[in-house]
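Down below is the structure, laid out as structure tokens.
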Amino acid sequence: MSETNSAPFLTAKRYYSGFDLAHDTYNAISVASDGKVYYVLSSESLERGGQMYVYDPETDKTQFIADLTEVCGEKDKKTIPQGKSHVRFYERNGTLYFVTHVGVYELIDGMERLPENVPEGYGLYPGGHILSYELATGAVNDLAVAPDGEGLITMALDRDRGHLYTLTWPLGRLLHYDLNTGKLTSAGLTCGRGEAGTVGNDYRVICRSMFVDSGDGTLYLSTAEGDILAYQPDSATLRNVADVDLRLDYFGQYDPTRPGSMGYNWRKIFWHDSEQVAYGVHGNSGYLFRFNPRQPTLELVDRIASEPSKRSGMFDQFSYGYLGFQPGADGETIYYLTGGPIYQDGKRLKGEDHIARGAAKGLENLHLITYSIRNRHYQDHGPVFYADGTRPTYVNSVAIGHNGVVYTLARFEHAGTEIQDLVKIPNPFAEV
């Protein structure tokens, strides 16, 4: 932090929710209509699954809601637990919807895979669940389970029509759950054999973000090859969108058959109702783009990487790029938590050249970026530090409170152990 004393920075407040096994969580934090912040702390333990919590800004307190394994009805089954949720909470008619994911992996051929060999006395992972949480009553309902013991890693919700979509891990199968009828439909594989495939052959990293066109209800997702897929629920058909793709020189060059990056996938994307288009970010390059599925066209808008990253010309250190990308309450301001290089004695700290999974190649600062869609105005609000000068790391989520306060989940040290838990960043537009 010493090198930033002369430059603006933001001071974040960290919270300990009470879960000393809390591991890295991706996406799973949202602000609901009641103004409270709902989040999941992930677990890599065989003994305890992921934990769901809520933070109340009025009282400045966190509260435990549920153990994911328990609400999935698997508490006493001695199977690999529901260790994670890696999706945002999607609200519809006072109910939050989300899915669960496996948190315990087996290292096979040097890669983290769905466990095939489990410790004595344990059963295989039973599959990820589709869950709902009723804001008024606090009831958690188990709606459906993924077939073939796969986890659930990506989700989108058509609020108007009541259709929930999710991608399985490791195969990358698209599942469609109809909230009106309770019917679960498989639309098939979306990307080779996903992250269960053979490296150099049918391995493909799975898309981590999808969106629904609110006009006609079509679901859109991307592939590591840079294709854009469209799913139409009425006909249950999955197709390539013709005449548009993500294979742009500005995004970089990738071999989609090899791990270590998201390839040409978009990293995060959302539907913008007032313009009837989608805004997304490509993770490694930090380019904001605008996708109009009805023409179809895709155009670059701006590079929204941090100022130090733009000056250095380098990608961020997290090999997949960052998931902390979301519109604020006004629907017009994008908030983006991304990386920025650290300099020591005038030299940029350099990480590893390549890693074979989604992780940080090296240490970097966390920066809060905002971008006004209406005014096309980019602003880097500076790096984020804790009060003791240490850095939030492994940040792959963001939620914006009704008062403009920014929430995320980040690593920090608690009682001598590194955990990941709730972090609050002050409203970057508040008057000091």
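Chain labels follow the order of the structure tokens: the first chain is A, the next B, and so on; residue numbering restarts at 1 in every chain, and ligands are counted from 1 in their shown order.
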
Could you give me, as CSV, every region 156-264 of chain A residue with an atom at most 10 Å from region 313-336 of chain A, plus its closest atom pair and distance in Å to one decimal, counting only C-alpha atoms, rows ordered by chain then number?
residue,atom,partner,partner_atom,distance
A:Val205,CA,A:Tyr320,CA,9.9
A:Arg208,CA,A:Leu323,CA,8.6
A:Ser209,CA,A:Leu323,CA,8.8
A:Phe251,CA,A:Phe315,CA,10.0
A:Gly252,CA,A:Phe315,CA,9.6
A:Pro259,CA,A:Ser319,CA,9.9
A:Gly260,CA,A:Ser319,CA,6.3
A:Ser261,CA,A:Tyr320,CA,4.9
A:Met262,CA,A:Tyr320,CA,5.3
A:Gly263,CA,A:Tyr320,CA,8.4

Output N, CA and C atoms of each residue in that selection to a file, as a compact mmCIF listing (two decimals), in the first residue's frame.
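Result file out34.txt:
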# COMPACT_ATOMS: atom_id res chain seq x y z
N VAL A 205 -13.32 -25.18 -21.93
CA VAL A 205 -13.76 -24.52 -20.71
C VAL A 205 -15.21 -24.07 -20.90
N ARG A 208 -19.25 -19.20 -18.19
CA ARG A 208 -19.61 -18.90 -16.80
C ARG A 208 -20.69 -17.84 -16.67
N SER A 209 -21.25 -17.36 -17.77
CA SER A 209 -22.28 -16.33 -17.70
C SER A 209 -23.20 -16.43 -18.90
N PHE A 251 -9.18 -9.42 -28.30
CA PHE A 251 -9.36 -10.31 -27.15
C PHE A 251 -8.13 -11.18 -26.91
N GLY A 252 -7.27 -11.33 -27.90
CA GLY A 252 -6.11 -12.20 -27.78
C GLY A 252 -6.26 -13.46 -28.63
N PRO A 259 -6.47 -26.00 -21.31
CA PRO A 259 -6.93 -25.26 -20.12
C PRO A 259 -6.04 -24.06 -19.83
N GLY A 260 -6.47 -23.24 -18.87
CA GLY A 260 -5.67 -22.11 -18.43
C GLY A 260 -6.24 -20.76 -18.76
N SER A 261 -7.30 -20.72 -19.58
CA SER A 261 -7.97 -19.47 -19.88
C SER A 261 -9.43 -19.78 -20.20
N MET A 262 -10.25 -18.73 -20.34
CA MET A 262 -11.63 -18.90 -20.78
C MET A 262 -11.73 -18.93 -22.31
N GLY A 263 -10.57 -18.87 -22.98
CA GLY A 263 -10.60 -18.84 -24.44
C GLY A 263 -11.31 -17.59 -24.93

(message) Applying 10 Å and only C-alpha atoms, which residues near Leu248 (chain A) remain after dropping the ones on its own chain fewer than 5 positions away? List them as number ranges by chain.
(response) A: 226, 253, 264, 299-300

Restrict the selected residues to C-alpha atoms and save them as a compact mmCIF listing (two decimals), in the first residue's frame.
# COMPACT_ATOMS: atom_id res chain seq x y z
CA GLY A 226 -15.87 -17.86 -29.70
CA GLN A 253 -5.27 -15.58 -29.30
CA TYR A 264 -12.88 -16.63 -26.52
CA GLU A 299 -18.99 -4.13 -31.17
CA LEU A 300 -16.29 -3.10 -28.74

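Taking only C-alpha atoms into account, Ile153 (chain A) lies nearest to A:Thr168 out of the set A:Gln276, A:Ser45, A:Asn240, A:Thr168.
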
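For the pair CA of Phe211 (chain A) and CA of Phe98 (chain A), the separation is 14.7 Å.
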
Do a neighbour search on His414 (chain A) at 12 Å with only C-alpha atoms, toss out local chain neighbours closer than 4 positions, and write the hits as an mmCIF file with C-alpha atoms, in the first residue's frame.
data_model
loop_
_atom_site.group_PDB
_atom_site.id
_atom_site.type_symbol
_atom_site.label_atom_id
_atom_site.label_comp_id
_atom_site.auth_asym_id
_atom_site.auth_seq_id
_atom_site.Cartn_x
_atom_site.Cartn_y
_atom_site.Cartn_z
ATOM 1 C CA ARG A 14 -14.142 -7.176 6.073
ATOM 2 C CA TYR A 15 -16.620 -9.341 7.950
ATOM 3 C CA TYR A 16 -16.239 -12.726 9.599
ATOM 4 C CA SER A 17 -19.518 -14.593 9.187
ATOM 5 C CA GLY A 18 -18.504 -17.495 11.420
ATOM 6 C CA PHE A 19 -17.367 -20.105 8.880
ATOM 7 C CA ASP A 20 -13.685 -20.859 9.412
ATOM 8 C CA LEU A 21 -13.503 -23.185 6.370
ATOM 9 C CA ALA A 22 -14.727 -20.522 3.932
ATOM 10 C CA GLU A 418 -6.734 -17.294 5.213
ATOM 11 C CA ILE A 419 -10.461 -17.448 4.476
ATOM 12 C CA GLN A 420 -12.836 -15.788 2.036
ATOM 13 C CA ASP A 421 -15.761 -13.798 3.391
#

(message) Please list as a VMD selection string every residue within 7 Å of Pro392 (chain A), counting only C-alpha atoms and excluding residues in the same chain fewer than 4 positions away.
(response) chain A and resid 366 385 410 to 412

(message) Ranking A:Phe429, A:Tyr165, A:Tyr386, A:Phe89 by minimum distance to Glu413 (chain A) and counting only C-alpha atoms, which one comes first?
(response)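 Closest to Glu413 (chain A) of all the choices is A:Tyr386.
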
(request) May I have the residues within 6 Å of Ala399 (chain A) as a list in words, using only C-alpha atoms and disregarding those fewer than 6 positions away in the same chain? (result) Ser30, Val406 and Tyr407 of chain A
